[in-house]
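Source file: model11.pdb; contents: PDB, C-alpha atoms and all ligand atoms.
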ATOM      1  CA  MET A   1       0.000   0.000   0.000
ATOM      2  CA  GLU A   2       1.512   3.274  -1.112
ATOM      3  CA  LYS A   3       1.907   6.058   1.447
ATOM      4  CA  VAL A   4       2.366   9.776   0.846
ATOM      5  CA  ARG A   5       3.443  12.517   3.201
ATOM      6  CA  LEU A   6       1.773  15.952   2.902
ATOM      7  CA  PHE A   7       3.090  18.555   5.359
ATOM      8  CA  ASP A   8       2.589  16.988   8.832
ATOM      9  CA  LYS A   9       0.300  14.118   7.767
ATOM     10  CA  THR A  10       0.619  10.662   6.224
ATOM     11  CA  PHE A  11      -1.963   9.260   3.842
ATOM     12  CA  ARG A  12      -2.440   5.774   2.365
ATOM     13  CA  THR A  13      -4.065   4.651  -0.881
ATOM     14  CA  PHE A  14      -7.841   4.404  -0.535
ATOM     15  CA  ILE A  15      -9.365   4.405  -4.034
ATOM     16  CA  PRO A  16      -7.038   3.454  -6.888
ATOM     17  CA  TYR A  17      -7.168   5.327 -10.196
ATOM     18  CA  GLU A  18      -8.790   2.400 -12.091
ATOM     19  CA  LYS A  19     -11.661   2.289  -9.644
ATOM     20  CA  ILE A  20     -12.146   6.057  -9.960
ATOM     21  CA  MET A  21     -12.265   5.711 -13.764
ATOM     22  CA  ASN A  22     -14.882   2.948 -13.558
ATOM     23  CA  ALA A  23     -17.043   5.030 -11.241
ATOM     24  CA  ILE A  24     -16.790   8.005 -13.637
ATOM     25  CA  ASP A  25     -17.717   5.742 -16.575
ATOM     26  CA  ASP A  26     -20.886   4.713 -14.731
ATOM     27  CA  VAL A  27     -21.943   8.203 -13.692
ATOM     28  CA  ALA A  28     -21.245   9.575 -17.205
ATOM     29  CA  GLU A  29     -23.417   6.842 -18.674
ATOM     30  CA  ARG A  30     -26.289   7.888 -16.418
ATOM     31  CA  ILE A  31     -25.887  11.555 -17.364
ATOM     32  CA  ASN A  32     -25.748  10.639 -21.065
ATOM     33  CA  GLY A  33     -28.938   8.643 -20.622
ATOM     34  CA  ASP A  34     -30.663  11.721 -19.216
ATOM     35  CA  PHE A  35     -29.149  14.418 -21.484
ATOM     36  CA  LYS A  36     -28.204  12.789 -24.807
ATOM     37  CA  GLY A  37     -30.228  14.276 -27.667
ATOM     38  CA  CYS A  38     -31.019  17.445 -25.719
ATOM     39  CA  THR A  39     -31.598  20.557 -27.809
ATOM     40  CA  ASP A  40     -30.254  23.049 -25.255
ATOM     41  CA  ILE A  41     -26.589  23.371 -24.303
ATOM     42  CA  PRO A  42     -26.320  22.425 -20.632
ATOM     43  CA  VAL A  43     -23.644  24.047 -18.494
ATOM     44  CA  LEU A  44     -21.098  21.947 -16.599
ATOM     45  CA  LEU A  45     -20.217  23.991 -13.548
ATOM     46  CA  CYS A  46     -16.687  23.141 -12.411
ATOM     47  CA  VAL A  47     -16.327  24.042  -8.745
ATOM     48  CA  LEU A  48     -12.688  25.075  -8.438
ATOM     49  CA  ASN A  49     -10.189  23.845  -7.464
ATOM     50  CA  GLY A  50     -11.256  20.420  -6.271
ATOM     51  CA  SER A  51     -13.325  19.479  -9.322
ATOM     52  CA  ILE A  52     -10.682  20.113 -11.961
ATOM     53  CA  MET A  53      -9.717  16.482 -12.513
ATOM     54  CA  PHE A  54     -13.235  15.125 -12.185
ATOM     55  CA  THR A  55     -14.642  17.719 -14.590
ATOM     56  CA  ALA A  56     -11.967  16.862 -17.161
ATOM     57  CA  GLU A  57     -12.594  13.112 -16.917
ATOM     58  CA  LEU A  58     -16.365  13.525 -16.898
ATOM     59  CA  MET A  59     -16.596  15.861 -19.897
ATOM     60  CA  LYS A  60     -14.519  13.500 -22.072
ATOM     61  CA  ARG A  61     -17.287  10.951 -21.637
ATOM     62  CA  LEU A  62     -20.304  13.190 -22.288
ATOM     63  CA  GLU A  63     -22.054  12.675 -25.622
ATOM     64  CA  PHE A  64     -23.975  15.959 -25.913
ATOM     65  CA  ASN A  65     -22.884  19.556 -26.456
ATOM     66  CA  CYS A  66     -22.112  21.291 -23.194
ATOM     67  CA  GLU A  67     -20.352  24.414 -22.000
ATOM     68  CA  VAL A  68     -17.912  24.566 -19.098
ATOM     69  CA  VAL A  69     -18.308  27.404 -16.598
ATOM     70  CA  SER A  70     -16.302  27.726 -13.374
ATOM     71  CA  ILE A  71     -16.752  29.192  -9.916
ATOM     72  CA  LYS A  72     -14.417  29.086  -6.939
ATOM     73  CA  LEU A  73     -15.689  28.430  -3.424
ATOM     74  CA  THR A  74     -13.766  27.628  -0.263
ATOM     75  CA  SER A  75     -14.891  26.186   3.048
ATOM     76  CA  TYR A  76     -12.160  23.846   4.251
ATOM     77  CA  GLU A  77      -9.138  24.723   6.385
ATOM     78  CA  GLY A  78      -6.779  21.828   7.053
ATOM     79  CA  THR A  79      -8.836  18.657   7.436
ATOM     80  CA  SER A  80     -12.230  20.069   8.439
ATOM     81  CA  SER A  81     -14.997  22.367   7.247
ATOM     82  CA  THR A  82     -15.143  25.878   8.692
ATOM     83  CA  GLY A  83     -18.920  25.802   8.180
ATOM     84  CA  ARG A  84     -18.671  29.043   6.174
ATOM     85  CA  VAL A  85     -18.608  28.996   2.379
ATOM     86  CA  ARG A  86     -16.715  31.860   0.749
ATOM     87  CA  GLN A  87     -16.989  32.796  -2.934
ATOM     88  CA  ALA A  88     -13.376  33.359  -4.033
ATOM     89  CA  MET A  89     -14.349  33.790  -7.701
ATOM     90  CA  GLY A  90     -17.823  34.252  -9.191
ATOM     91  CA  LEU A  91     -19.415  32.493 -12.170
ATOM     92  CA  THR A  92     -17.184  32.871 -15.232
ATOM     93  CA  SER A  93     -20.150  33.170 -17.654
ATOM     94  CA  ASP A  94     -23.780  34.180 -17.831
ATOM     95  CA  ILE A  95     -25.934  31.109 -17.131
ATOM     96  CA  LYS A  96     -29.343  32.769 -17.320
ATOM     97  CA  GLY A  97     -32.020  30.356 -18.521
ATOM     98  CA  ARG A  98     -29.579  27.451 -18.747
ATOM     99  CA  ARG A  99     -29.673  23.965 -17.246
ATOM    100  CA  VAL A 100     -26.681  23.554 -14.973
ATOM    101  CA  ILE A 101     -24.932  20.367 -13.898
ATOM    102  CA  ILE A 102     -22.923  21.213 -10.769
ATOM    103  CA  VAL A 103     -19.724  19.156 -10.903
ATOM    104  CA  GLU A 104     -18.324  18.696  -7.395
ATOM    105  CA  ASP A 105     -15.351  16.728  -6.116
ATOM    106  CA  ILE A 106     -17.059  15.817  -2.850
ATOM    107  CA  VAL A 107     -20.244  16.550  -0.930
ATOM    108  CA  ASP A 108     -19.673  16.481   2.820
ATOM    109  CA  THR A 109     -21.991  18.596   5.038
ATOM    110  CA  GLY A 110     -23.769  19.953   1.967
ATOM    111  CA  ASN A 111     -23.115  23.610   2.873
ATOM    112  CA  THR A 112     -21.383  24.203  -0.461
ATOM    113  CA  ILE A 113     -24.256  22.667  -2.438
ATOM    114  CA  VAL A 114     -26.811  24.849  -0.658
ATOM    115  CA  GLU A 115     -24.687  27.930  -1.418
ATOM    116  CA  LEU A 116     -24.230  26.895  -5.057
ATOM    117  CA  LYS A 117     -27.943  26.249  -5.570
ATOM    118  CA  GLN A 118     -28.660  29.762  -4.253
ATOM    119  CA  ILE A 119     -25.989  31.378  -6.453
ATOM    120  CA  LEU A 120     -27.370  29.580  -9.525
ATOM    121  CA  GLN A 121     -30.946  30.500  -8.726
ATOM    122  CA  ASP A 122     -29.927  34.156  -8.267
ATOM    123  CA  ALA A 123     -28.059  34.010 -11.596
ATOM    124  CA  GLY A 124     -31.224  32.772 -13.331
ATOM    125  CA  ALA A 125     -30.375  29.128 -14.077
ATOM    126  CA  SER A 126     -33.490  27.266 -15.273
ATOM    127  CA  VAL A 127     -32.609  24.188 -13.227
ATOM    128  CA  SER A 128     -29.551  22.806 -11.433
ATOM    129  CA  VAL A 129     -28.612  19.213 -10.683
ATOM    130  CA  VAL A 130     -25.649  17.854  -8.747
ATOM    131  CA  CYS A 131     -22.980  15.471  -9.999
ATOM    132  CA  THR A 132     -20.374  14.601  -7.395
ATOM    133  CA  LEU A 133     -17.429  12.239  -7.536
ATOM    134  CA  LEU A 134     -17.634  11.492  -3.815
ATOM    135  CA  PHE A 135     -20.357  11.677  -1.197
ATOM    136  CA  LYS A 136     -20.168  11.316   2.596
ATOM    137  CA  PRO A 137     -23.742  10.236   3.471
ATOM    138  CA  ASP A 138     -23.052  10.195   7.227
ATOM    139  CA  SER A 139     -22.142  13.868   7.152
ATOM    140  CA  TYR A 140     -24.827  15.202   4.789
ATOM    141  CA  ARG A 141     -27.481  17.261   6.592
ATOM    142  CA  LYS A 142     -29.430  18.888   3.747
ATOM    143  CA  ASP A 143     -32.628  18.151   1.855
ATOM    144  CA  PHE A 144     -31.380  18.759  -1.671
ATOM    145  CA  PRO A 145     -31.249  15.535  -3.693
ATOM    146  CA  LEU A 146     -27.868  14.591  -5.193
ATOM    147  CA  GLU A 147     -28.797  13.384  -8.666
ATOM    148  CA  TYR A 148     -25.479  11.820  -9.684
ATOM    149  CA  VAL A 149     -23.120  10.322  -7.105
ATOM    150  CA  ALA A 150     -20.133   8.377  -8.436
ATOM    151  CA  MET A 151     -18.912   6.941  -5.109
ATOM    152  CA  GLN A 152     -19.961   6.980  -1.443
ATOM    153  CA  ILE A 153     -17.312   7.074   1.282
ATOM    154  CA  PRO A 154     -17.253   7.085   5.096
ATOM    155  CA  ASN A 155     -16.690  10.253   7.095
ATOM    156  CA  ASP A 156     -12.906  10.386   6.687
ATOM    157  CA  PHE A 157     -10.571  13.022   5.286
ATOM    158  CA  ILE A 158      -9.273  12.184   1.838
ATOM    159  CA  VAL A 159      -6.914  13.774  -0.695
ATOM    160  CA  GLY A 160      -5.814  13.258  -4.299
ATOM    161  CA  PHE A 161      -7.502  13.376  -7.712
ATOM    162  CA  GLY A 162      -8.113  17.099  -7.284
ATOM    163  CA  LEU A 163      -8.703  17.086  -3.529
ATOM    164  CA  ASP A 164      -6.175  18.868  -1.326
ATOM    165  CA  TYR A 165      -4.726  19.112   2.143
ATOM    166  CA  ASN A 166      -3.979  22.831   2.594
ATOM    167  CA  GLU A 167      -3.676  23.136  -1.201
ATOM    168  CA  ILE A 168      -1.272  20.257  -1.823
ATOM    169  CA  GLY A 169      -1.954  16.700  -2.945
ATOM    170  CA  ARG A 170      -4.340  17.647  -5.755
ATOM    171  CA  ASN A 171      -1.990  16.158  -8.354
ATOM    172  CA  LEU A 172      -2.091  12.631  -6.879
ATOM    173  CA  LYS A 173      -3.745  10.288  -9.352
ATOM    174  CA  ASP A 174      -5.285   7.962  -6.773
ATOM    175  CA  ILE A 175      -7.414   8.956  -3.772
ATOM    176  CA  TYR A 176      -5.714   8.695  -0.352
ATOM    177  CA  ILE A 177      -7.056   8.548   3.192
ATOM    178  CA  LEU A 178      -5.536   9.918   6.392
ATOM    179  CA  ASP A 179      -3.344   7.199   7.923
ATOM    180  CA  GLU A 180      -3.372   7.343  11.711
TER     181      GLU A 180
HETATM  182  P1  LIG B   1     -19.370  20.689   2.285
HETATM  183  O1  LIG B   1     -19.712  22.121   2.010
HETATM  184  O2  LIG B   1     -20.310  19.709   1.609
HETATM  185  O3  LIG B   1     -19.213  20.409   3.747
HETATM  186  O4  LIG B   1     -17.932  20.426   1.737
HETATM  187  C1  LIG B   1     -17.681  20.544   0.427
HETATM  188  C2  LIG B   1     -16.239  20.912   0.144
HETATM  189  O5  LIG B   1     -15.367  20.687   1.245
HETATM  190  C3  LIG B   1     -15.757  20.042  -0.965
HETATM  191  O6  LIG B   1     -16.065  20.593  -2.212
HETATM  192  C4  LIG B   1     -14.283  19.982  -0.679
HETATM  193  O7  LIG B   1     -13.655  21.084  -1.273
HETATM  194  C5  LIG B   1     -14.186  20.059   0.811
HETATM  195  N1  LIG B   1     -14.081  18.700   1.419
HETATM  196  C6  LIG B   1     -15.057  17.988   2.031
HETATM  197  N2  LIG B   1     -14.611  16.802   2.466
HETATM  198  C7  LIG B   1     -13.313  16.735   2.089
HETATM  199  C8  LIG B   1     -12.285  15.727   2.224
HETATM  200  O8  LIG B   1     -12.448  14.626   2.779
HETATM  201  N3  LIG B   1     -11.071  16.046   1.694
HETATM  202  C9  LIG B   1     -10.815  17.223   1.078
HETATM  203  N4  LIG B   1      -9.588  17.409   0.602
HETATM  204  N5  LIG B   1     -11.749  18.181   0.923
HETATM  205  C10 LIG B   1     -12.988  17.945   1.421
HETATM  206 MG    MG B   2     -15.178  21.247  -3.873
END
Give the structure from the file, written as structure tokens.
Amino acid sequence: MEKVRLFDKTFRTFIPYEKIMNAIDDVAERINGDFKGCTDIPVLLCVLNGSIMFTAELMKRLEFNCEVVSIKLTSYEGTSSTGRVRQAMGLTSDIKGRRVIIVEDIVDTGNTIVELKQILQDAGASVSVVCTLLFKPDSYRKDFPLEYVAMQIPNDFIVGFGLDYNEIGRNLKDIYILDE
């Protein structure tokens, strides 16, 4: 089992790259089933920075015309949520009247999703759905449905495949879990 050291913490492999790819194949197939043949151009909303890798892998697999828009939100410091969601960069394009697929790296407490839904509603999106690579069901406290979940995980802190520990570790190709 491979271990990596990031600042003061050690992490071990949790979800290998191949398994991540298979999970993305499955979720992309579901989205294609729902959107293929659509006459509008749905927006893929990449929630920076965590969703960079997932957005890239997901969009390669989508078989309908879509536009990528980004937004940057932050809520984590170290290995836990601050409970406050800050908008570090607003929507990079006008999404008025558009269907939006929110592409998230991970849904934990759900605070970020609630904030995003509000931002999209205020910006005039016609509808928004959520597609997340990872979901922590034991931590989620909101009522919004999560339409597309690629993988469910327990309530542990993970890094890699876009996810960071104080901004490092995003480049790791597998997903790692805190080793203690
Ligand atoms: P929420 O608002 O749902 O509590 O948290 C969402 C955001 O917190 C995610 O988009 C992600 O940026 C960050 N986050 C939540 N859990 C983890 C985790 O286990 N590892 C890392 N690196 N970030 C996480
Ligand atoms: Mg995120």
TODO: Could you tell me how far CA of Arg61 (chain A) lies from atom C6 of ligand LIG 1 (chain B), in Å and to one decimal?
DONE: 24.8 Å
- [ ] Take the PyMOL selection byres (((not hetatm)) within 12 of (chain B and resi 2)), apply it to the structure above, and return the hits as a PyMOL selection string.
- [x] chain A and resi 45-55+70-76+81+85-87+102-113+115-116+131-135+159+161-164+167+170
C-alpha atoms of the current selection, written as an mmCIF file, in the coordinates of the input:
data_model
loop_
_atom_site.group_PDB
_atom_site.id
_atom_site.type_symbol
_atom_site.label_atom_id
_atom_site.label_comp_id
_atom_site.auth_asym_id
_atom_site.auth_seq_id
_atom_site.Cartn_x
_atom_site.Cartn_y
_atom_site.Cartn_z
ATOM 1 C CA LEU A 45 -20.217 23.991 -13.548
ATOM 2 C CA CYS A 46 -16.687 23.141 -12.411
ATOM 3 C CA VAL A 47 -16.327 24.042 -8.745
ATOM 4 C CA LEU A 48 -12.688 25.075 -8.438
ATOM 5 C CA ASN A 49 -10.189 23.845 -7.464
ATOM 6 C CA GLY A 50 -11.256 20.420 -6.271
ATOM 7 C CA SER A 51 -13.325 19.479 -9.322
ATOM 8 C CA ILE A 52 -10.682 20.113 -11.961
ATOM 9 C CA MET A 53 -9.717 16.482 -12.513
ATOM 10 C CA PHE A 54 -13.235 15.125 -12.185
ATOM 11 C CA THR A 55 -14.642 17.719 -14.590
ATOM 12 C CA SER A 70 -16.302 27.726 -13.374
ATOM 13 C CA ILE A 71 -16.752 29.192 -9.916
ATOM 14 C CA LYS A 72 -14.417 29.086 -6.939
ATOM 15 C CA LEU A 73 -15.689 28.430 -3.424
ATOM 16 C CA THR A 74 -13.766 27.628 -0.263
ATOM 17 C CA SER A 75 -14.891 26.186 3.048
ATOM 18 C CA TYR A 76 -12.160 23.846 4.251
ATOM 19 C CA SER A 81 -14.997 22.367 7.247
ATOM 20 C CA VAL A 85 -18.608 28.996 2.379
ATOM 21 C CA ARG A 86 -16.715 31.860 0.749
ATOM 22 C CA GLN A 87 -16.989 32.796 -2.934
ATOM 23 C CA ILE A 102 -22.923 21.213 -10.769
ATOM 24 C CA VAL A 103 -19.724 19.156 -10.903
ATOM 25 C CA GLU A 104 -18.324 18.696 -7.395
ATOM 26 C CA ASP A 105 -15.351 16.728 -6.116
ATOM 27 C CA ILE A 106 -17.059 15.817 -2.850
ATOM 28 C CA VAL A 107 -20.244 16.550 -0.930
ATOM 29 C CA ASP A 108 -19.673 16.481 2.820
ATOM 30 C CA THR A 109 -21.991 18.596 5.038
ATOM 31 C CA GLY A 110 -23.769 19.953 1.967
ATOM 32 C CA ASN A 111 -23.115 23.610 2.873
ATOM 33 C CA THR A 112 -21.383 24.203 -0.461
ATOM 34 C CA ILE A 113 -24.256 22.667 -2.438
ATOM 35 C CA GLU A 115 -24.687 27.930 -1.418
ATOM 36 C CA LEU A 116 -24.230 26.895 -5.057
ATOM 37 C CA CYS A 131 -22.980 15.471 -9.999
ATOM 38 C CA THR A 132 -20.374 14.601 -7.395
ATOM 39 C CA LEU A 133 -17.429 12.239 -7.536
ATOM 40 C CA LEU A 134 -17.634 11.492 -3.815
ATOM 41 C CA PHE A 135 -20.357 11.677 -1.197
ATOM 42 C CA VAL A 159 -6.914 13.774 -0.695
ATOM 43 C CA PHE A 161 -7.502 13.376 -7.712
ATOM 44 C CA GLY A 162 -8.113 17.099 -7.284
ATOM 45 C CA LEU A 163 -8.703 17.086 -3.529
ATOM 46 C CA ASP A 164 -6.175 18.868 -1.326
ATOM 47 C CA GLU A 167 -3.676 23.136 -1.201
ATOM 48 C CA ARG A 170 -4.340 17.647 -5.755
#
Open item on the list: For a quick check of understanding, using all atoms listed in the file, which of A:Val114, A:Lys9, A:Glu63, A:Gly83 has the smallest distance to Arg30 (chain A)?
Closed with: A:Glu63
Task: Close residues, Glu29 (chain A) itself excluded, 12 Å, only C-alpha atoms, min 6 positions apart in chain, as a ChimeraX atom specification - done: /A:22-23,35-36,58-64,148,150
Dump of C-alpha atoms for the selected residues, as a tab-separated table (two decimals), keeping the file's coordinate frame:
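The result, stored in out_33.tsv:
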chain	number	residue	atom	x	y	z
A	22	ASN	CA	-14.88	2.95	-13.56
A	23	ALA	CA	-17.04	5.03	-11.24
A	35	PHE	CA	-29.15	14.42	-21.48
A	36	LYS	CA	-28.20	12.79	-24.81
A	58	LEU	CA	-16.36	13.52	-16.90
A	59	MET	CA	-16.60	15.86	-19.90
A	60	LYS	CA	-14.52	13.50	-22.07
A	61	ARG	CA	-17.29	10.95	-21.64
A	62	LEU	CA	-20.30	13.19	-22.29
A	63	GLU	CA	-22.05	12.68	-25.62
A	64	PHE	CA	-23.98	15.96	-25.91
A	148	TYR	CA	-25.48	11.82	-9.68
A	150	ALA	CA	-20.13	8.38	-8.44
Selected by the PyMOL selection byres (((chain A and resi 12) around 6) and not hetatm) in the shown coordinates: which residues, as a PDB file with C-alpha atoms, in the coordinates of the input?
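Just written: part-v1.pdb:
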ATOM      1  CA  GLU A   2       1.512   3.274  -1.112  1.00  0.00           C
ATOM      2  CA  LYS A   3       1.907   6.058   1.447  1.00  0.00           C
ATOM      3  CA  PHE A  11      -1.963   9.260   3.842  1.00  0.00           C
ATOM      4  CA  THR A  13      -4.065   4.651  -0.881  1.00  0.00           C
ATOM      5  CA  TYR A 176      -5.714   8.695  -0.352  1.00  0.00           C
ATOM      6  CA  ILE A 177      -7.056   8.548   3.192  1.00  0.00           C
ATOM      7  CA  ASP A 179      -3.344   7.199   7.923  1.00  0.00           C
TER       8      ASP A 179
END
Task: Best match for closeness to ligand LIG 1 (chain B) among A:Leu44, A:Val129, A:Ile158, A:Ile175, counting all atoms listed in the file - done: A:Ile158
- [ ] Taking the point (-31.2, 21.7, -15.5) as given in the file, collect each protein or nucleic acid residue that comes within 8 Å of it, counting all atoms listed in the file, and present the set as a PyMOL selection string.
- [x] chain A and resi 42+98-101+125-129
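Taking CA of Gly37 (chain A) and CA of Asn65 (chain A) as endpoints, the distance between them is 9.1 Å.
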